$ cat start-v7.cif   # mmCIF, C-alpha atoms and all ligand atoms
data_run
#
loop_
_atom_site.label_atom_id
_atom_site.label_comp_id
_atom_site.auth_asym_id
_atom_site.auth_seq_id
_atom_site.Cartn_x
_atom_site.Cartn_y
_atom_site.Cartn_z
CA GLU A 1 -53.25 -14.40 15.82
CA ASN A 2 -52.20 -15.05 19.36
CA VAL A 3 -52.21 -11.44 20.53
CA THR A 4 -53.67 -10.34 23.86
CA PRO A 5 -55.27 -6.91 24.32
CA SER A 6 -52.37 -5.84 26.53
CA THR A 7 -49.72 -6.62 23.93
CA GLN A 8 -51.86 -4.99 21.26
CA SER A 9 -52.08 -1.76 23.19
CA ALA A 10 -48.41 -1.94 24.13
CA ALA A 11 -47.58 -2.32 20.46
CA LYS A 12 -49.79 0.67 19.56
CA GLU A 13 -48.15 2.74 22.25
CA GLU A 14 -44.76 1.83 20.86
CA LEU A 15 -45.80 2.78 17.36
CA LYS A 16 -47.09 6.09 18.62
CA GLU A 17 -43.77 6.72 20.36
CA GLY A 18 -42.00 5.78 17.14
CA GLU A 19 -44.07 8.25 15.12
CA ASP A 20 -43.51 11.08 17.60
CA LEU A 21 -39.84 10.37 17.55
CA ALA A 22 -39.63 10.41 13.77
CA VAL A 23 -41.37 13.79 13.69
CA HIS A 24 -39.68 15.51 16.59
CA SER A 25 -36.16 14.19 16.63
CA ALA A 26 -35.25 12.68 13.29
CA GLY A 27 -31.80 11.11 13.44
CA SER A 28 -31.62 10.95 17.22
CA HIS A 29 -33.17 7.80 18.61
CA VAL A 30 -32.79 8.63 22.27
CA SER A 31 -34.52 11.40 24.15
CA SER A 32 -34.09 12.20 27.84
CA ASN A 33 -37.49 10.88 28.92
CA ASP A 34 -36.87 7.43 27.42
CA ALA A 35 -37.08 4.59 29.89
CA PRO A 36 -33.91 2.50 29.54
CA THR A 37 -34.96 -0.66 27.72
CA LEU A 38 -33.35 -4.06 27.32
CA ALA A 39 -34.62 -6.33 24.57
CA PHE A 40 -33.54 -9.95 24.95
CA PRO A 41 -34.11 -13.23 23.13
CA SER A 42 -34.99 -16.40 25.00
CA ILE A 43 -31.56 -17.77 25.87
CA SER A 44 -30.84 -21.44 24.99
CA THR A 45 -34.33 -22.44 23.80
CA SER A 46 -33.64 -22.86 20.10
CA ASP A 47 -30.27 -24.10 18.90
CA PHE A 48 -29.32 -25.11 22.47
CA GLN A 49 -32.60 -27.10 22.84
CA PHE A 50 -33.43 -26.13 26.42
CA ASN A 51 -36.91 -27.12 27.66
CA HIS A 52 -39.41 -24.29 27.06
CA GLU A 53 -41.55 -24.84 30.17
CA LYS A 54 -38.51 -24.70 32.43
CA ALA A 55 -37.02 -21.73 30.57
CA SER A 56 -40.27 -19.75 30.77
CA ASP A 57 -40.46 -20.27 34.55
CA ILE A 58 -36.90 -18.99 34.91
CA ILE A 59 -37.46 -15.96 32.66
CA VAL A 60 -40.55 -14.87 34.58
CA ASP A 61 -38.87 -15.44 37.97
CA LYS A 62 -35.77 -13.49 37.03
CA VAL A 63 -37.74 -10.65 35.43
CA GLN A 64 -39.82 -10.36 38.58
CA GLU A 65 -36.71 -10.32 40.75
CA PHE A 66 -34.96 -7.63 38.70
CA LEU A 67 -37.81 -5.30 37.73
CA ASN A 68 -37.84 -3.94 41.29
CA LYS A 69 -34.13 -3.28 41.20
CA LEU A 70 -34.10 -1.61 37.79
CA GLY A 71 -35.98 1.61 38.53
CA ASN A 72 -37.98 2.78 35.52
CA ALA A 73 -36.16 0.45 33.10
CA ARG A 74 -38.13 -1.88 30.85
CA LEU A 75 -37.43 -5.48 29.86
CA VAL A 76 -38.72 -6.91 26.59
CA LEU A 77 -38.60 -10.55 25.53
CA VAL A 78 -38.35 -10.78 21.74
CA ASP A 79 -38.92 -13.59 19.26
CA LEU A 80 -39.36 -13.76 15.51
CA SER A 81 -42.86 -15.15 15.13
CA HIS A 82 -46.36 -14.81 16.55
CA GLY A 83 -46.35 -18.61 16.88
CA SER A 84 -43.43 -18.51 19.34
CA LYS A 85 -44.09 -21.04 22.08
CA ILE A 86 -41.69 -19.39 24.52
CA LEU A 87 -43.41 -16.00 24.08
CA SER A 88 -46.87 -17.45 24.81
CA LEU A 89 -45.63 -19.37 27.85
CA VAL A 90 -43.87 -16.32 29.27
CA LYS A 91 -46.84 -14.02 28.55
CA GLU A 92 -49.20 -16.41 30.33
CA LYS A 93 -46.93 -16.85 33.37
CA ALA A 94 -46.14 -13.13 33.64
CA ALA A 95 -49.88 -12.36 33.64
CA GLN A 96 -50.50 -14.98 36.35
CA LYS A 97 -47.88 -13.27 38.50
CA HIS A 98 -49.34 -9.81 37.78
CA ILE A 99 -46.07 -8.49 36.45
CA ASN A 100 -46.44 -4.86 35.34
CA SER A 101 -47.01 -5.11 31.57
CA LYS A 102 -45.64 -1.61 30.98
CA LYS A 103 -42.29 -2.63 32.43
CA PHE A 104 -42.14 -6.15 31.03
CA PHE A 105 -43.73 -7.27 27.79
CA THR A 106 -43.13 -9.49 24.79
CA HIS A 107 -42.48 -8.29 21.26
CA VAL A 108 -42.64 -10.15 17.95
CA GLY A 109 -39.99 -9.05 15.50
CA ASP A 110 -36.33 -9.14 14.50
CA ILE A 111 -34.15 -7.99 17.41
CA THR A 112 -31.89 -6.19 14.92
CA ARG A 113 -34.84 -4.12 13.61
CA LEU A 114 -36.76 -3.22 16.74
CA TYR A 115 -36.90 0.50 16.03
CA SER A 116 -36.84 0.60 12.22
CA GLU A 117 -39.47 -2.12 11.75
CA GLY A 118 -41.23 -2.34 15.10
CA GLY A 119 -41.18 1.28 16.29
CA LEU A 120 -39.83 -0.03 19.61
CA ARG A 121 -37.03 1.96 21.16
CA CYS A 122 -34.49 -0.19 23.01
CA ASN A 123 -31.05 1.03 23.94
CA VAL A 124 -29.59 -2.34 24.85
CA ILE A 125 -30.08 -5.76 23.25
CA ALA A 126 -28.95 -9.17 24.46
CA ASN A 127 -27.42 -11.85 22.28
CA ALA A 128 -27.62 -15.64 22.78
CA ALA A 129 -23.90 -16.06 22.12
CA ASN A 130 -21.49 -18.97 21.66
CA TRP A 131 -18.58 -19.48 24.04
CA ARG A 132 -16.00 -18.07 21.61
CA LEU A 133 -18.07 -14.87 21.10
CA LYS A 134 -17.76 -15.39 17.37
CA PRO A 135 -20.09 -14.23 14.55
CA GLY A 136 -22.15 -16.74 12.60
CA GLY A 137 -23.47 -20.09 13.75
CA GLY A 138 -27.09 -19.23 12.96
CA GLY A 139 -29.86 -18.00 15.23
CA VAL A 140 -29.89 -14.62 16.88
CA ASN A 141 -26.07 -14.56 17.21
CA ALA A 142 -25.59 -14.62 13.43
CA ALA A 143 -28.32 -12.00 12.95
CA ILE A 144 -26.86 -9.57 15.51
CA PHE A 145 -23.24 -9.85 14.31
CA LYS A 146 -24.40 -9.43 10.71
CA ALA A 147 -26.56 -6.39 11.45
CA ALA A 148 -23.93 -4.77 13.67
CA GLY A 149 -21.14 -5.10 11.12
CA PRO A 150 -17.43 -5.77 11.85
CA ALA A 151 -17.39 -3.09 14.57
CA LEU A 152 -19.12 -5.46 16.99
CA GLU A 153 -16.53 -8.20 16.60
CA VAL A 154 -13.73 -5.72 17.30
CA ALA A 155 -15.54 -4.17 20.28
CA THR A 156 -16.37 -7.62 21.67
CA LYS A 157 -12.69 -8.68 21.59
CA GLU A 158 -11.82 -5.64 23.71
CA GLN A 159 -14.19 -6.83 26.44
CA ALA A 160 -13.69 -10.60 26.47
CA GLN A 161 -12.19 -13.49 24.51
CA MET A 162 -14.69 -16.12 25.65
CA LEU A 163 -17.60 -16.78 28.01
CA HIS A 164 -18.43 -19.52 30.48
CA PRO A 165 -22.02 -20.84 30.49
CA GLY A 166 -24.19 -18.72 32.79
CA ASN A 167 -22.20 -15.53 32.16
CA ALA A 168 -22.78 -12.30 30.27
CA VAL A 169 -20.61 -9.45 29.02
CA ALA A 170 -21.74 -5.99 27.92
CA VAL A 171 -20.12 -4.52 24.82
CA PRO A 172 -20.43 -0.81 23.96
CA LEU A 173 -21.41 -0.49 20.31
CA PRO A 174 -19.28 1.89 18.23
CA SER A 175 -21.29 4.69 16.62
CA THR A 176 -20.17 3.40 13.21
CA SER A 177 -22.36 0.32 13.66
CA PRO A 178 -25.72 0.40 11.83
CA LEU A 179 -27.30 -1.03 14.98
CA PHE A 180 -26.28 2.19 16.72
CA SER A 181 -27.10 4.68 13.97
CA ARG A 182 -30.26 3.03 12.63
CA GLU A 183 -31.70 1.34 15.72
CA GLY A 184 -30.36 3.52 18.55
CA ILE A 185 -28.66 0.61 20.32
CA THR A 186 -25.70 1.57 22.52
CA HIS A 187 -24.74 -1.85 23.95
CA VAL A 188 -24.97 -5.52 23.06
CA ILE A 189 -24.85 -7.89 26.01
CA HIS A 190 -23.59 -11.33 25.03
CA VAL A 191 -25.03 -14.14 27.16
CA LEU A 192 -23.96 -17.79 27.14
CA GLY A 193 -26.73 -20.10 28.23
CA PRO A 194 -26.73 -23.82 29.07
CA ASN A 195 -26.56 -26.16 26.08
CA MET A 196 -28.67 -29.34 25.71
CA ASN A 197 -27.71 -29.93 22.07
CA PRO A 198 -25.22 -32.84 21.73
CA GLN A 199 -23.90 -31.25 18.51
CA ARG A 200 -22.70 -28.14 20.38
CA PRO A 201 -19.89 -27.67 22.95
CA ASN A 202 -20.50 -28.18 26.68
CA CYS A 203 -23.65 -30.28 26.26
CA LEU A 204 -25.34 -30.97 29.60
CA HIS A 205 -27.09 -34.12 28.27
CA ASN A 206 -30.46 -33.35 29.87
CA ASP A 207 -29.04 -32.56 33.29
CA TYR A 208 -31.69 -30.01 34.12
CA ILE A 209 -30.52 -29.57 37.71
CA THR A 210 -27.33 -28.01 36.37
CA GLY A 211 -29.10 -26.59 33.30
CA CYS A 212 -31.67 -24.61 35.29
CA GLU A 213 -28.99 -23.27 37.60
CA VAL A 214 -26.88 -22.16 34.64
CA LEU A 215 -29.89 -20.53 32.93
CA ARG A 216 -30.77 -18.68 36.14
CA ASN A 217 -27.17 -17.47 36.39
CA ALA A 218 -27.30 -16.38 32.76
CA TYR A 219 -30.34 -14.14 33.33
CA THR A 220 -28.92 -12.80 36.61
CA SER A 221 -25.72 -11.92 34.84
CA LEU A 222 -27.62 -10.38 31.89
CA PHE A 223 -29.81 -8.17 34.08
CA GLN A 224 -26.83 -7.14 36.25
CA GLU A 225 -24.87 -6.12 33.17
CA PHE A 226 -27.90 -4.16 31.93
CA ALA A 227 -28.20 -2.44 35.33
CA SER A 228 -24.56 -1.36 35.21
CA VAL A 229 -24.90 -0.10 31.64
CA VAL A 230 -27.90 2.14 32.40
CA LYS A 231 -26.84 3.28 35.87
N1 LIG B 301 -34.62 -11.70 16.37
C1 LIG B 301 -35.26 -12.10 17.49
N2 LIG B 301 -35.19 -13.35 17.98
C2 LIG B 301 -34.48 -14.25 17.28
C3 LIG B 301 -33.77 -13.91 16.10
C4 LIG B 301 -33.86 -12.56 15.65
N3 LIG B 301 -33.22 -12.14 14.55
N4 LIG B 301 -33.14 -15.03 15.65
C5 LIG B 301 -33.43 -16.02 16.51
N5 LIG B 301 -34.25 -15.57 17.50
P1 LIG B 301 -30.81 -19.22 19.26
P2 LIG B 301 -29.63 -20.52 21.64
C6 LIG B 301 -34.76 -16.29 18.69
O1 LIG B 301 -30.85 -20.51 18.54
O2 LIG B 301 -30.72 -21.53 21.68
C7 LIG B 301 -26.10 -19.72 17.89
O3 LIG B 301 -25.66 -20.32 16.75
C8 LIG B 301 -35.05 -17.77 18.54
O4 LIG B 301 -36.33 -17.99 17.96
O5 LIG B 301 -30.31 -18.04 18.53
O6 LIG B 301 -29.22 -19.85 22.92
C9 LIG B 301 -24.98 -19.29 18.83
O7 LIG B 301 -23.75 -19.07 18.13
C10 LIG B 301 -35.01 -18.20 19.99
O8 LIG B 301 -36.24 -17.89 20.64
O9 LIG B 301 -29.92 -19.30 20.63
C11 LIG B 301 -24.89 -20.43 19.81
O10 LIG B 301 -23.97 -21.41 19.37
C12 LIG B 301 -33.91 -17.32 20.60
O11 LIG B 301 -33.72 -16.25 19.65
C13 LIG B 301 -26.27 -21.03 19.83
O12 LIG B 301 -26.91 -20.64 18.61
C14 LIG B 301 -32.57 -18.00 20.84
O13 LIG B 301 -32.30 -18.91 19.80
C15 LIG B 301 -27.12 -20.51 20.98
O14 LIG B 301 -28.35 -21.20 21.00
#
$ encode --input "start-v7.cif" --output "structure tokens" --more "lines below"
Ligand code: AR6
Amino acid sequence: ENVTPSTQSAAKEELKEGEDLAVHSAGSHVSSNDAPTLAFPSISTSDFQFNHEKASDIIVDKVQEFLNKLGNARLVLVDLSHGSKILSLVKEKAAQKHINSKKFFTHVGDITRLYSEGGLRCNVIANAANWRLKPGGGGVNAAIFKAAGPALEVATKEQAQMLHPGNAVAVPLPSTSPLFSREGITHVIHVLGPNMNPQRPNCLHNDYITGCEVLRNAYTSLFQEFASVVK
């Protein structure tokens, strides 16, 4: 498996935290000494077909820029498999830049099961959304709307009807949502990234000058929304 010692120990630490939590505060997933944590998927690199090398540079740049501004908050890039190319690229580039691995790390698992299956406590998750902010469509968007139940669609409509590429919107999750009660997630931040897939709306047809700018804006907007949620 493609697991570095640092991610292994981070994972162990998370599991330990998870165990403590289960013993000491069953039912409540948030305790006062928790560092605010945002888990986010790699925006645009699957269904939207954005180049992984370019995306990984942008993720690491934006993480580095925002970690300083976010106090003790943690950022976690999540993907489903150990073979994830974007996770390995980001891990490698983050290490090269000596980014603090306690404040930024990668995690393999389902973003809708971070606590229940991964023992990782995150209070906010990001979604790689579509412009209509609608459920379904596959990928992480379908998974998050399904796991959150109808409450997320209702709560999303109260915040926004649509998104422009490069923008993000934070949605407070009603306590009736299983993502709240089971996983301890209080907000979902929808992010619309640049699209390079000709089968999807607003395709940029390989214009990576615009694409990179839009992806940078998307992460800026995501991390700003996270900052205002946890402030
Ligand atoms: N947990 C963690 N990561 C996941 C999960 C999951 N359950 N599911 C997918 N990923 P994508 P995009 C990873 O395609 O490229 C949707 O249909 C995946 O491996 O979800 O921005 C929307 O409605 C990849 O690394 O988003 C939009 O129309 C990352 O999440 C469109 O796709 C993003 O992959 C957005 O395309």
$ residues_near_ligand --input "start-v7.cif" --ligand "ligand LIG 301 (chain B)" --cutoff "8 Å" --atoms "only C-alpha atoms and all ligand atoms" --output "MDAnalysis selection string"
chainID A and resid 40:50 78:81 84 86 108:112 127:131 133:144 192:195 200
$ closest_residue --input "start-v7.cif" --among "A:Asn123, A:Thr37, A:Gln64, A:Thr220" --to "Thr186 (chain A)" --atoms "only C-alpha atoms"
A:Asn123
$ residues_around --input "start-v7.cif" --residues "Val214 (chain A)" --least-positions-apart "5" --cutoff "9 Å" --atoms "all atoms listed in the file" --output "ChimeraX atom specification"
/A:165-167,193-194,209,219
$ closest_residue --input "start-v7.cif" --among "A:Ser116, A:Gln96, A:Thr106, A:Ser228" --to "Ile185 (chain A)" --atoms "all atoms listed in the file"
A:Ser116
$ atom_distance --input "start-v7.cif" --atom1 "CA of Ala94 (chain A)" --atom2 "CA of Leu204 (chain A)"
27.7 Å
$ closest_residue --input "start-v7.cif" --among "A:Glu65, A:Val60, A:Pro198, A:Leu70" --to "Lys231 (chain A)" --atoms "only C-alpha atoms"
A:Leu70
$ atom_distance --input "start-v7.cif" --atom1 "CA of Leu38 (chain A)" --atom2 "CA of Gly118 (chain A)"
14.6 Å
$ atom_distance --input "start-v7.cif" --atom1 "CA of Gly184 (chain A)" --atom2 "CA of Ala227 (chain A)"
17.9 Å
$ residues_around --input "start-v7.cif" --residues "Val171 (chain A)" --least-positions-apart "2" --cutoff "7 Å" --atoms "only C-alpha atoms" --output "ChimeraX atom specification"
/A:155-156,159,169,173,187-189
$ write_last_selection --input "start-v7.cif" --atoms "C-alpha atoms" --output "PDB file, keeping the file's coordinate frame"
ATOM      1  CA  ALA A 155     -15.540  -4.170  20.280  1.00  0.00           C
ATOM      2  CA  THR A 156     -16.370  -7.620  21.670  1.00  0.00           C
ATOM      3  CA  GLN A 159     -14.190  -6.830  26.440  1.00  0.00           C
ATOM      4  CA  VAL A 169     -20.610  -9.450  29.020  1.00  0.00           C
ATOM      5  CA  LEU A 173     -21.410  -0.490  20.310  1.00  0.00           C
ATOM      6  CA  HIS A 187     -24.740  -1.850  23.950  1.00  0.00           C
ATOM      7  CA  VAL A 188     -24.970  -5.520  23.060  1.00  0.00           C
ATOM      8  CA  ILE A 189     -24.850  -7.890  26.010  1.00  0.00           C
TER       9      ILE A 189
END
